[in-house]
>>> print(open('coords.cif').read())   # mmCIF, C-alpha atoms (C1' of nucleotides)
data_input
#
loop_
_atom_site.label_atom_id
_atom_site.label_comp_id
_atom_site.auth_asym_id
_atom_site.auth_seq_id
_atom_site.Cartn_x
_atom_site.Cartn_y
_atom_site.Cartn_z
CA MET A 1 -5.24 -69.70 -61.02
CA LYS A 2 -2.27 -68.08 -62.63
CA HIS A 3 1.23 -69.47 -62.46
CA GLU A 4 0.09 -72.94 -63.31
CA PHE A 5 3.11 -73.41 -65.49
CA ARG A 6 6.02 -74.72 -63.48
CA MET A 7 9.38 -75.48 -64.94
CA ALA A 8 9.97 -78.55 -62.82
CA GLU A 9 6.67 -80.09 -63.80
CA ARG A 10 7.40 -80.21 -67.46
CA PRO A 11 8.03 -83.67 -68.85
CA GLY A 12 10.86 -84.39 -71.25
CA THR A 13 13.92 -85.21 -69.18
CA ALA A 14 13.97 -88.85 -70.17
CA LYS A 15 13.61 -88.02 -73.82
CA THR A 16 16.66 -85.82 -73.97
CA GLU A 17 18.71 -88.32 -72.03
CA LYS A 18 17.92 -90.92 -74.66
CA GLU A 19 18.91 -88.58 -77.46
CA GLU A 20 22.15 -87.65 -75.79
CA PRO A 21 23.37 -90.71 -73.93
CA GLU A 22 27.01 -89.75 -74.24
CA VAL A 23 26.85 -86.44 -72.39
CA VAL A 24 29.59 -86.11 -69.84
CA GLU A 25 29.69 -84.27 -66.52
CA GLY A 26 26.02 -84.99 -65.93
CA GLY A 27 25.05 -82.27 -68.35
CA SER A 28 21.79 -83.52 -69.81
CA LYS A 29 19.66 -82.86 -66.77
CA GLN A 30 21.08 -79.40 -66.51
CA ASP A 31 20.51 -78.83 -70.22
CA ASP A 32 16.90 -79.72 -69.72
CA HIS A 33 16.67 -77.35 -66.81
CA GLN A 34 18.14 -74.69 -69.08
CA HIS A 35 15.56 -75.41 -71.74
CA ASP A 36 12.83 -75.15 -69.14
CA THR A 37 14.00 -71.85 -67.73
CA LEU A 38 14.49 -70.50 -71.24
CA LYS A 39 11.03 -71.58 -72.32
CA TYR A 40 9.55 -70.01 -69.22
CA SER A 41 11.43 -66.81 -69.97
CA LEU A 42 10.20 -66.84 -73.57
CA LEU A 43 6.65 -66.60 -72.28
CA GLY A 44 7.50 -62.95 -71.92
CA PRO A 45 7.30 -60.15 -69.42
CA SER A 46 3.53 -59.89 -69.38
CA LEU A 47 2.93 -63.50 -68.39
CA THR A 48 0.95 -62.62 -65.29
CA LYS A 49 -1.32 -60.16 -67.02
CA ALA A 50 -5.04 -60.75 -67.14
CA GLY A 51 -6.75 -63.06 -69.59
CA GLN A 52 -4.36 -66.00 -69.37
CA ASP A 53 -6.02 -67.97 -66.58
CA SER A 54 -7.53 -70.64 -68.80
CA VAL A 55 -4.52 -70.91 -71.11
CA ASP A 56 -2.20 -73.91 -71.04
CA GLN A 57 1.10 -72.07 -70.73
CA SER A 58 3.27 -75.11 -71.36
CA LYS A 59 1.64 -75.52 -74.78
CA VAL A 60 2.09 -71.80 -75.44
CA SER A 61 5.75 -71.88 -74.49
CA GLU A 62 6.27 -74.90 -76.74
CA ILE A 63 4.85 -72.99 -79.72
CA ILE A 64 6.82 -69.85 -78.94
CA TYR A 65 9.99 -71.90 -78.54
CA ASN A 66 9.57 -73.68 -81.87
CA ALA A 67 8.47 -70.57 -83.73
CA SER A 68 11.37 -68.44 -82.60
CA LYS A 69 14.14 -71.06 -82.39
CA GLY A 70 17.26 -69.90 -84.21
CA SER A 71 16.22 -66.25 -84.49
CA LYS A 72 18.49 -63.45 -83.33
CA PHE A 73 16.08 -62.72 -80.51
CA PHE A 74 16.07 -66.35 -79.44
CA ASN A 75 19.86 -66.57 -79.38
CA ARG A 76 20.07 -63.47 -77.23
CA GLU A 77 17.55 -64.90 -74.80
CA GLU A 78 19.49 -68.15 -74.66
CA VAL A 79 22.71 -66.35 -73.73
CA LYS A 80 20.92 -64.26 -71.12
CA ASP A 81 19.39 -67.38 -69.62
CA LYS A 82 22.79 -69.09 -69.33
CA ILE A 83 24.29 -66.03 -67.65
CA LEU A 84 21.40 -65.90 -65.20
CA THR A 85 21.84 -69.58 -64.42
CA GLN A 86 25.49 -68.94 -63.52
CA LYS A 87 24.55 -65.94 -61.41
CA ILE A 88 22.07 -68.09 -59.51
CA GLU A 89 24.73 -70.70 -58.83
CA GLN A 90 26.81 -67.99 -57.18
CA ILE A 91 23.85 -66.83 -55.16
CA LEU A 92 23.15 -70.34 -53.92
CA GLU A 93 26.79 -70.82 -53.02
CA LYS A 94 26.77 -67.62 -50.98
CA LYS A 95 23.56 -68.67 -49.31
CA ARG A 96 25.07 -71.99 -48.25
CA ARG A 97 28.12 -70.18 -46.87
CA LEU A 98 26.10 -67.67 -44.90
CA GLU A 99 23.84 -70.31 -43.43
CA LYS A 100 26.82 -71.79 -41.62
CA LEU A 101 27.46 -68.52 -39.82
CA ASP A 102 25.79 -67.02 -36.77
CA LEU A 103 23.28 -64.54 -38.17
CA THR A 104 21.79 -63.32 -34.90
CA ARG A 105 22.87 -59.77 -35.65
CA GLU A 106 21.30 -59.86 -39.09
CA LEU A 107 18.09 -61.28 -37.67
CA ARG A 108 17.93 -58.42 -35.18
CA ALA A 109 18.65 -55.87 -37.89
CA ALA A 110 15.86 -57.31 -40.01
CA ASP A 111 13.40 -57.21 -37.13
CA GLN A 112 14.38 -53.64 -36.38
CA LEU A 113 13.69 -52.71 -39.98
CA ILE A 114 10.30 -54.35 -39.75
CA THR A 115 9.53 -52.42 -36.57
CA GLN A 116 10.41 -49.17 -38.28
CA LEU A 117 8.09 -50.02 -41.13
CA GLU A 118 5.30 -50.92 -38.73
CA VAL A 119 5.64 -47.59 -36.98
CA SER A 120 5.46 -45.66 -40.25
CA ARG A 121 2.50 -47.65 -41.55
CA ASP A 122 -0.28 -45.32 -42.63
CA LEU A 123 -3.76 -46.79 -43.05
CA THR A 124 -5.66 -43.53 -43.25
CA GLN A 125 -5.61 -42.98 -47.02
CA TYR A 126 -7.61 -44.56 -49.82
CA ILE A 127 -5.47 -44.91 -52.93
CA VAL A 128 -6.88 -46.12 -56.23
CA HIS A 129 -5.03 -47.50 -59.21
CA VAL A 130 -7.06 -47.27 -62.41
CA ASP A 131 -6.11 -49.31 -65.45
CA CYS A 132 -7.97 -49.29 -68.78
CA ASP A 133 -8.79 -52.76 -70.12
CA ALA A 134 -6.86 -53.70 -73.27
CA PHE A 135 -6.79 -49.98 -73.95
CA TYR A 136 -5.61 -49.70 -77.57
CA ALA A 137 -7.76 -52.64 -78.59
CA ALA A 138 -10.78 -51.16 -76.82
CA VAL A 139 -10.34 -47.84 -78.61
CA GLU A 140 -10.05 -49.56 -81.99
CA GLN A 141 -13.18 -51.54 -81.26
CA LEU A 142 -15.16 -48.35 -80.68
CA ASP A 143 -14.61 -47.47 -84.32
CA ARG A 144 -15.19 -51.00 -85.53
CA PRO A 145 -17.80 -52.72 -83.33
CA GLU A 146 -17.72 -55.82 -85.54
CA LEU A 147 -14.31 -56.61 -84.03
CA LYS A 148 -16.10 -57.70 -80.88
CA ASP A 149 -16.18 -61.32 -82.01
CA VAL A 150 -12.80 -61.63 -83.69
CA PRO A 151 -9.45 -62.12 -81.99
CA PHE A 152 -7.32 -59.09 -82.84
CA ALA A 153 -4.23 -57.23 -81.75
CA VAL A 154 -2.80 -53.75 -82.18
CA GLY A 155 0.81 -53.30 -83.24
CA GLY A 156 3.25 -54.04 -86.01
CA GLY A 157 6.07 -56.53 -85.55
CA VAL A 158 5.20 -56.76 -81.89
CA LEU A 159 1.78 -56.70 -80.23
CA THR A 160 1.27 -53.66 -78.05
CA THR A 161 -1.99 -55.13 -76.85
CA CYS A 162 -4.69 -57.56 -77.91
CA ASN A 163 -8.30 -58.17 -77.00
CA TYR A 164 -9.39 -60.85 -74.55
CA LEU A 165 -10.48 -63.20 -77.32
CA ALA A 166 -6.89 -63.26 -78.59
CA ARG A 167 -5.55 -63.75 -75.08
CA LYS A 168 -7.44 -67.02 -74.88
CA PHE A 169 -5.01 -68.30 -77.52
CA GLY A 170 -2.02 -67.21 -75.46
CA CYS A 171 -1.42 -63.95 -77.30
CA ARG A 172 -0.02 -61.16 -75.15
CA SER A 173 1.46 -57.70 -75.39
CA GLY A 174 5.15 -57.77 -76.16
CA MET A 175 4.82 -60.88 -78.29
CA ALA A 176 6.16 -60.97 -81.84
CA GLY A 177 3.41 -60.74 -84.44
CA PHE A 178 4.45 -63.89 -86.28
CA VAL A 179 4.53 -65.88 -83.04
CA ALA A 180 1.06 -64.63 -82.17
CA LYS A 181 -0.11 -65.80 -85.61
CA LYS A 182 1.19 -69.28 -84.82
CA LEU A 183 -0.83 -69.31 -81.62
CA CYS A 184 -3.91 -67.82 -83.27
CA PRO A 185 -3.89 -68.13 -87.08
CA ASN A 186 -7.03 -65.99 -87.42
CA LEU A 187 -5.54 -63.15 -85.44
CA LEU A 188 -6.25 -59.78 -87.04
CA LEU A 189 -3.39 -57.30 -86.76
CA LEU A 190 -4.27 -53.60 -86.72
CA PRO A 191 -1.82 -50.71 -87.11
CA LEU A 192 -1.36 -48.21 -84.29
CA ASN A 193 -3.30 -44.94 -84.14
CA PHE A 194 -1.54 -43.12 -81.38
CA ASP A 195 -3.53 -39.90 -81.69
CA LYS A 196 -6.78 -41.75 -81.12
CA TYR A 197 -5.49 -43.35 -77.94
CA THR A 198 -4.15 -40.07 -76.61
CA SER A 199 -7.43 -38.22 -77.07
CA LYS A 200 -9.43 -41.08 -75.57
CA ALA A 201 -7.06 -41.09 -72.60
CA GLN A 202 -7.81 -37.40 -72.13
CA GLU A 203 -11.51 -38.18 -71.92
CA VAL A 204 -10.85 -40.73 -69.19
CA ARG A 205 -8.65 -38.30 -67.30
CA GLN A 206 -11.36 -35.68 -67.27
CA VAL A 207 -13.51 -38.05 -65.24
CA LEU A 208 -10.65 -39.00 -62.93
CA ALA A 209 -10.07 -35.33 -62.14
CA GLN A 210 -13.58 -35.13 -60.67
CA TYR A 211 -12.54 -37.59 -57.99
CA ASP A 212 -9.02 -36.35 -57.36
CA PRO A 213 -7.87 -33.21 -59.17
CA ARG A 214 -4.31 -34.08 -58.23
CA PHE A 215 -4.37 -37.60 -59.71
CA GLU A 216 -1.19 -38.84 -61.36
CA SER A 217 -1.01 -40.55 -64.72
CA ALA A 218 1.40 -43.47 -64.67
CA SER A 219 1.11 -44.10 -68.41
CA ILE A 220 -1.36 -43.41 -71.19
CA ASP A 221 -3.91 -45.81 -69.70
CA GLU A 222 -3.08 -45.90 -65.99
CA ALA A 223 -3.48 -43.48 -63.12
CA TYR A 224 -3.28 -43.20 -59.35
CA LEU A 225 -5.84 -41.29 -57.30
CA ASN A 226 -6.21 -40.43 -53.65
CA ILE A 227 -9.96 -40.50 -53.01
CA THR A 228 -9.78 -40.00 -49.23
CA GLU A 229 -11.15 -36.48 -49.43
CA TYR A 230 -13.82 -37.34 -51.97
CA CYS A 231 -15.12 -40.17 -49.79
CA ALA A 232 -15.25 -37.95 -46.72
CA GLU A 233 -16.97 -35.07 -48.50
CA HIS A 234 -19.58 -37.28 -50.13
CA ASN A 235 -19.90 -39.65 -47.19
CA MET A 236 -19.28 -42.62 -49.48
CA THR A 237 -17.26 -45.80 -49.10
CA PRO A 238 -14.16 -46.18 -51.31
CA GLU A 239 -15.81 -49.16 -52.95
CA ASP A 240 -18.96 -47.24 -53.93
CA THR A 241 -16.93 -44.24 -55.01
CA VAL A 242 -14.78 -46.28 -57.38
CA GLN A 243 -17.76 -48.22 -58.69
CA GLN A 244 -19.47 -44.94 -59.46
CA MET A 245 -16.34 -43.50 -61.05
CA ARG A 246 -15.98 -46.55 -63.29
CA ASN A 247 -19.63 -46.28 -64.29
CA VAL A 248 -19.18 -42.64 -65.24
CA ILE A 249 -16.03 -43.43 -67.22
CA HIS A 250 -17.93 -46.09 -69.12
CA GLU A 251 -20.88 -43.80 -69.82
CA LYS A 252 -18.75 -40.90 -71.00
CA THR A 253 -15.98 -42.70 -72.86
CA LYS A 254 -17.41 -46.18 -73.61
CA ILE A 255 -14.18 -47.60 -72.22
CA THR A 256 -14.10 -50.11 -69.38
CA VAL A 257 -11.52 -49.76 -66.65
CA SER A 258 -10.41 -51.89 -63.73
CA ALA A 259 -9.38 -50.53 -60.37
CA GLY A 260 -7.61 -51.50 -57.18
CA ILE A 261 -8.30 -49.78 -53.87
CA ALA A 262 -5.85 -49.99 -50.98
CA ALA A 263 -3.91 -48.01 -48.39
CA ASN A 264 -1.02 -47.19 -50.71
CA SER A 265 -0.19 -47.08 -54.39
CA LYS A 266 1.90 -50.24 -54.52
CA LEU A 267 -0.92 -52.30 -53.05
CA ALA A 268 -3.52 -50.55 -55.20
CA LYS A 269 -1.51 -51.42 -58.31
CA ILE A 270 -1.51 -55.11 -57.40
CA CYS A 271 -5.23 -54.97 -56.65
CA SER A 272 -6.23 -53.45 -59.98
CA ASN A 273 -5.17 -56.69 -61.66
CA MET A 274 -7.26 -58.93 -59.42
CA ASN A 275 -10.60 -58.54 -61.16
CA LYS A 276 -9.60 -57.54 -64.65
CA PRO A 277 -11.29 -56.82 -66.99
CA ASN A 278 -14.01 -54.37 -65.96
CA GLY A 279 -13.74 -55.11 -62.26
CA GLN A 280 -12.41 -53.73 -59.01
CA TYR A 281 -10.88 -55.09 -55.84
CA VAL A 282 -10.78 -53.57 -52.38
CA LEU A 283 -7.99 -54.44 -49.98
CA PRO A 284 -9.26 -53.11 -46.64
CA ASN A 285 -7.10 -50.64 -44.73
CA ASP A 286 -6.53 -53.23 -42.07
CA ARG A 287 -3.16 -54.62 -41.07
CA ASN A 288 -4.41 -58.18 -40.80
CA ALA A 289 -6.12 -58.13 -44.17
CA ILE A 290 -3.00 -56.74 -45.83
CA MET A 291 -0.77 -59.36 -44.20
CA ASN A 292 -3.03 -62.18 -45.31
CA PHE A 293 -3.19 -60.76 -48.80
CA MET A 294 0.58 -60.47 -49.15
CA ARG A 295 1.42 -63.82 -47.56
CA ASP A 296 0.28 -65.92 -50.51
CA LEU A 297 0.98 -63.37 -53.22
CA PRO A 298 3.48 -64.60 -55.85
CA THR A 299 6.48 -62.26 -55.91
CA ARG A 300 6.00 -61.64 -59.65
CA LYS A 301 2.75 -59.78 -58.93
CA VAL A 302 4.70 -57.01 -57.24
CA ASN A 303 5.53 -54.12 -59.53
CA GLY A 304 9.27 -54.18 -60.21
CA ILE A 305 9.70 -57.93 -59.91
CA GLY A 306 10.03 -59.34 -63.41
CA ARG A 307 11.26 -62.54 -65.01
CA VAL A 308 14.81 -62.32 -63.66
CA LEU A 309 14.14 -61.43 -60.04
CA GLU A 310 11.27 -63.87 -59.90
CA ARG A 311 13.59 -66.70 -60.88
CA GLU A 312 16.38 -65.62 -58.53
CA LEU A 313 13.94 -65.55 -55.63
CA GLN A 314 12.30 -68.81 -56.59
CA GLU A 315 15.64 -70.61 -56.67
CA ILE A 316 16.42 -69.57 -53.10
CA GLY A 317 13.03 -70.80 -51.98
CA ILE A 318 10.95 -67.63 -52.21
CA LYS A 319 7.81 -67.97 -54.33
CA THR A 320 5.42 -65.77 -52.39
CA CYS A 321 5.89 -62.58 -50.43
CA GLY A 322 5.25 -64.57 -47.26
CA ASP A 323 8.28 -66.73 -48.00
CA ILE A 324 10.53 -63.72 -47.43
CA TYR A 325 9.99 -63.52 -43.66
CA PRO A 326 11.67 -66.80 -42.62
CA GLN A 327 14.75 -65.81 -44.66
CA ARG A 328 14.90 -62.18 -43.55
CA GLN A 329 18.24 -62.61 -41.80
CA LEU A 330 19.77 -63.58 -45.15
CA LEU A 331 18.05 -60.86 -47.12
CA VAL A 332 18.46 -57.97 -44.75
CA ARG A 333 21.63 -56.57 -46.26
CA ALA A 334 21.01 -57.83 -49.73
CA ARG A 335 21.56 -55.67 -52.72
CA THR A 336 21.59 -57.10 -56.26
CA TYR A 337 22.93 -60.47 -55.44
CA PHE A 338 20.94 -61.14 -52.39
CA PHE A 339 23.91 -62.33 -50.43
CA ASP A 340 26.52 -60.19 -52.03
CA CYS A 341 27.85 -58.62 -48.90
CA GLY A 342 31.22 -60.18 -48.26
CA THR A 343 31.62 -62.31 -45.17
CA THR A 344 34.18 -59.83 -43.83
CA SER A 345 31.79 -56.90 -43.81
CA PHE A 346 29.28 -59.17 -42.21
CA LEU A 347 31.52 -59.96 -39.29
CA SER A 348 32.88 -56.47 -38.75
"C1'" DA B 349 31.20 -41.30 -65.63
"C1'" DT B 350 29.69 -44.65 -68.47
"C1'" DA B 351 27.72 -48.92 -69.94
"C1'" DC B 352 24.66 -52.46 -69.11
"C1'" DA B 353 20.71 -54.94 -67.14
"C1'" DT B 354 16.08 -55.08 -65.55
"C1'" DA B 355 11.50 -53.58 -65.62
"C1'" DC B 356 7.43 -50.98 -67.03
"C1'" DC B 357 3.79 -49.66 -70.62
"C1'" DT C 358 11.19 -63.88 -93.06
"C1'" DA C 359 9.98 -61.81 -88.67
"C1'" DC C 360 10.77 -60.07 -81.58
"C1'" DT C 361 8.74 -52.24 -80.31
"C1'" DG C 362 10.72 -47.95 -78.54
"C1'" DG C 363 10.72 -44.97 -74.95
"C1'" DT C 364 11.64 -43.94 -69.89
"C1'" DA C 365 13.18 -45.00 -65.32
"C1'" DT C 366 16.04 -47.13 -62.11
"C1'" DG C 367 19.70 -49.67 -60.23
"C1'" DT C 368 24.23 -52.07 -60.68
"C1'" DA C 369 28.90 -53.01 -62.54
"C1'" DT C 370 33.20 -51.40 -63.90
#
>>> encode(input="coords.cif", output="structure tokens")
Amino acid sequence: MKHEFRMAERPGTAKTEKEEPEVVEGGSKQDDHQHDTLKYSLLGPSLTKAGQDSVDQSKVSEIIYNASKGSKFFNREEVKDKILTQKIEQILEKKRRLEKLDLTRELRAADQLITQLEVSRDLTQYIVHVDCDAFYAAVEQLDRPELKDVPFAVGGGVLTTCNYLARKFGCRSGMAGFVAKKLCPNLLLLPLNFDKYTSKAQEVRQVLAQYDPRFESASIDEAYLNITEYCAEHNMTPEDTVQQMRNVIHEKTKITVSAGIAANSKLAKICSNMNKPNGQYVLPNDRNAIMNFMRDLPTRKVNGIGRVLERELQEIGIKTCGDIYPQRQLLVRARTYFFDCGTTSFLS
DNA sequence: ATACATACC
DNA sequence: TACTGGTATGTAT
């Protein structure tokens, strides 16, 4: 299970209170909360990526915190975290204010929006999101097979990616090289060879084109395909089609890829992460199945929801996508600050 | 119109 | 010692 690390579950409150018994205005608890949110933030943007399931994230965050304390980067993160904490206080205040009002109109508006979405729901297409596994690392390993058993990463000051052995130590893309070395002292750091990755990506794309000539590359190692036609023409299920495609990619390029299959690209993107590495996941084109899937899905898994939005949502009681529904009357007109539509415009 | 923040790889 | 660099998007002023 991912997301095992929870800020509130971290011990340490008592300790800080002992060290700072003189703190006024009840600050020490809040300071601890700040440390916790900061440490969580320091885990980085790729926290929910594959390969971290068995890693104790609170230990990792402790090491990252101590390794980077005092650095320019750290100080910037600390400031950002404080600003976000203030922003959240405003959000909570607005929420409390709005909850005292009659929000029948907003509830109806939200339900109307949902109805519109239901009407436009299209379950006729099979969309695939393909994602190469630890792409740069995999390409490097083709040239140096002996790397199979050593934890290594690709990148200079910052890891662009690392193999799954390194991930077991808590290493991740986006992490500073020296921090990664603290987590995994034997980590081997390789320089980037962009040309190699580009030409290998071309090989993968040649296979993809066989299944959907109009596929779209989302990055060097990611693509979206619509395999509806292919499945119909070959009388194959989406699952078999993608399994076959992944086999062919492996045969021709020696690269393993993961895939998600669903009714639209946003869902497919979420699904490609479910069985990483070298796996695939089918979300049936069935309303019930999709609803059940989304209900318990942590918001952070949705593309576009990162560290900041995840925390803002969590603080107003939304951890999973299913948590949104009971608060839809509050969220319906939300823009950045979820409740940042003045009371006046609400009542007019 | 411009600057800044967030997010993605 | 030391925390990418490029693009896209949305928000704030």
>>> resolve_selection(input="coords.cif", expression="the PyMOL selection byres ((chain B) within 9 of (chain A))", output="VMD selection string")
chain B and resid 354 to 357
>>> closest_residue(input="coords.cif", among="A:Leu208, A:Val60, A:Val154, A:Ala289", to="chain C", atoms="all atoms listed in the file")
A:Val154
>>> axis_aligned_box(input="coords.cif", around="chain B", padding_each_side="4 Å", output="AutoDock Vina command-line options")
--center_x 17.5 --center_y -48.2 --center_z -68.1 --size_x 35.4 --size_y 21.8 --size_z 13.1
>>> closest_atom_pairs(input="coords.cif", of="chain C", to="chain A", cutoff="7 Å", atoms="only C-alpha atoms (C1' of nucleotides)", output="tab-separated table")
residue	atom	partner	partner_atom	distance
C:DA359	C1'	A:Phe178	CA	6.4
C:DC360	C1'	A:Ala176	CA	4.7
C:DT361	C1'	A:Val158	CA	6.0
>>> atom_distance(input="coords.cif", atom1="atom CA of A:Lys181", atom2="atom CA of A:Val55")
16.0 Å
>>> resolve_selection(input="coords.cif", expression="the PyMOL selection byres ((chain B and resi 349) around 12)", output="list in words")
DT350 and DA351 of chain B; DT370 of chain C
>>> write_last_selection(input="coords.cif", atoms="C-alpha atoms (C1' of nucleotides)", output="mmCIF file, in the frame of the given file")
data_model
loop_
_atom_site.group_PDB
_atom_site.id
_atom_site.type_symbol
_atom_site.label_atom_id
_atom_site.label_comp_id
_atom_site.auth_asym_id
_atom_site.auth_seq_id
_atom_site.Cartn_x
_atom_site.Cartn_y
_atom_site.Cartn_z
ATOM 1 C "C1'" DT B 350 29.690 -44.650 -68.470
ATOM 2 C "C1'" DA B 351 27.720 -48.920 -69.940
ATOM 3 C "C1'" DT C 370 33.200 -51.400 -63.900
#
>>> atom_distance(input="coords.cif", atom1="atom CA of A:Ala134", atom2="atom CA of A:Asp53")
15.8 Å
